[in-house]
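**Q** Starting off with a structure, shown below.
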Amino acid sequence: MSKIKTKGMNMFHEYRDIVTELKTKDAHFKKIFDEHNELHDKLDKAEAGGVDHIDSLEIEKMKKEKLKLKDQAYAMIMEYKNK
């Protein structure tokens, strides 16, 4: 399993089967999920000091966007689960 998939599965491990299915069947869900994971990687690097050009304001903006994407993905999982 790739690094991104592993992170994603940890994010919603209790919905692993639904996440896997949505990622293969719903392009919008996959896009949201992948964008969340990309932000996660960028934040990890920025918070570890690996990126010099990102200030604390930009980090906070990225965190808010990441949370928004996670909320959207969760809503889609719940909608799918309750069908």
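Note on naming: chains are A, B, ... as they come in the structure tokens, residues start from 1 per chain, ligands start from 1 in the order shown.
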Show which residues sit within 7 Å of range 36-50 of chain A, as a PyMOL selection string. Count only C-alpha atoms, and ignore same-chain residues fewer than 2 positions away.
**A** chain A and resi 4+8+32-34+52+54+59+62+66+69-70
**Q** Report as JSON, numbers by chain: the residues of chain A with a DSSP assignment of helix (DSSP H, G or I), based on the backbone of this structure.
**A** {"A": [3, 4, 5, 6, 7, 8, 9, 10, 11, 13, 14, 15, 16, 17, 18, 19, 20, 21, 22, 23, 24, 25, 27, 28, 29, 30, 31, 32, 33, 34, 35, 36, 37, 38, 39, 40, 41, 42, 43, 44, 45, 46, 47, 56, 57, 58, 59, 60, 61, 62, 63, 64, 65, 66, 67, 68, 69, 70, 71, 72, 73, 74, 75, 76, 77, 78, 79, 80, 81]}
**Q** Rounded to one decimal, what separation in Å do you get between CA of Tyr74 in chain A and CA of Lys61 in chain A?
**A**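 Distance reported for this atom pair: 20.0 Å.
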**Q** Counting only C-alpha atoms, which of A:Lys23, A:His53, A:Lys68, A:Lys31 gets nearest to Tyr80 in chain A?
**A**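 Distance minimum relative to Tyr80 in chain A lands on A:Lys23.
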**Q** Which distance in Å separates CA of Ala75 in chain A and CA of Tyr15 in chain A, to one decimal?
**A**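 Separating CA of Ala75 in chain A from CA of Tyr15 in chain A is a distance of 12.1 Å.
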**Q** One decimal, in Å: what's the spacing between CA of Met76 in chain A and CA of Glu35 in chain A?
**A** 15.0 Å
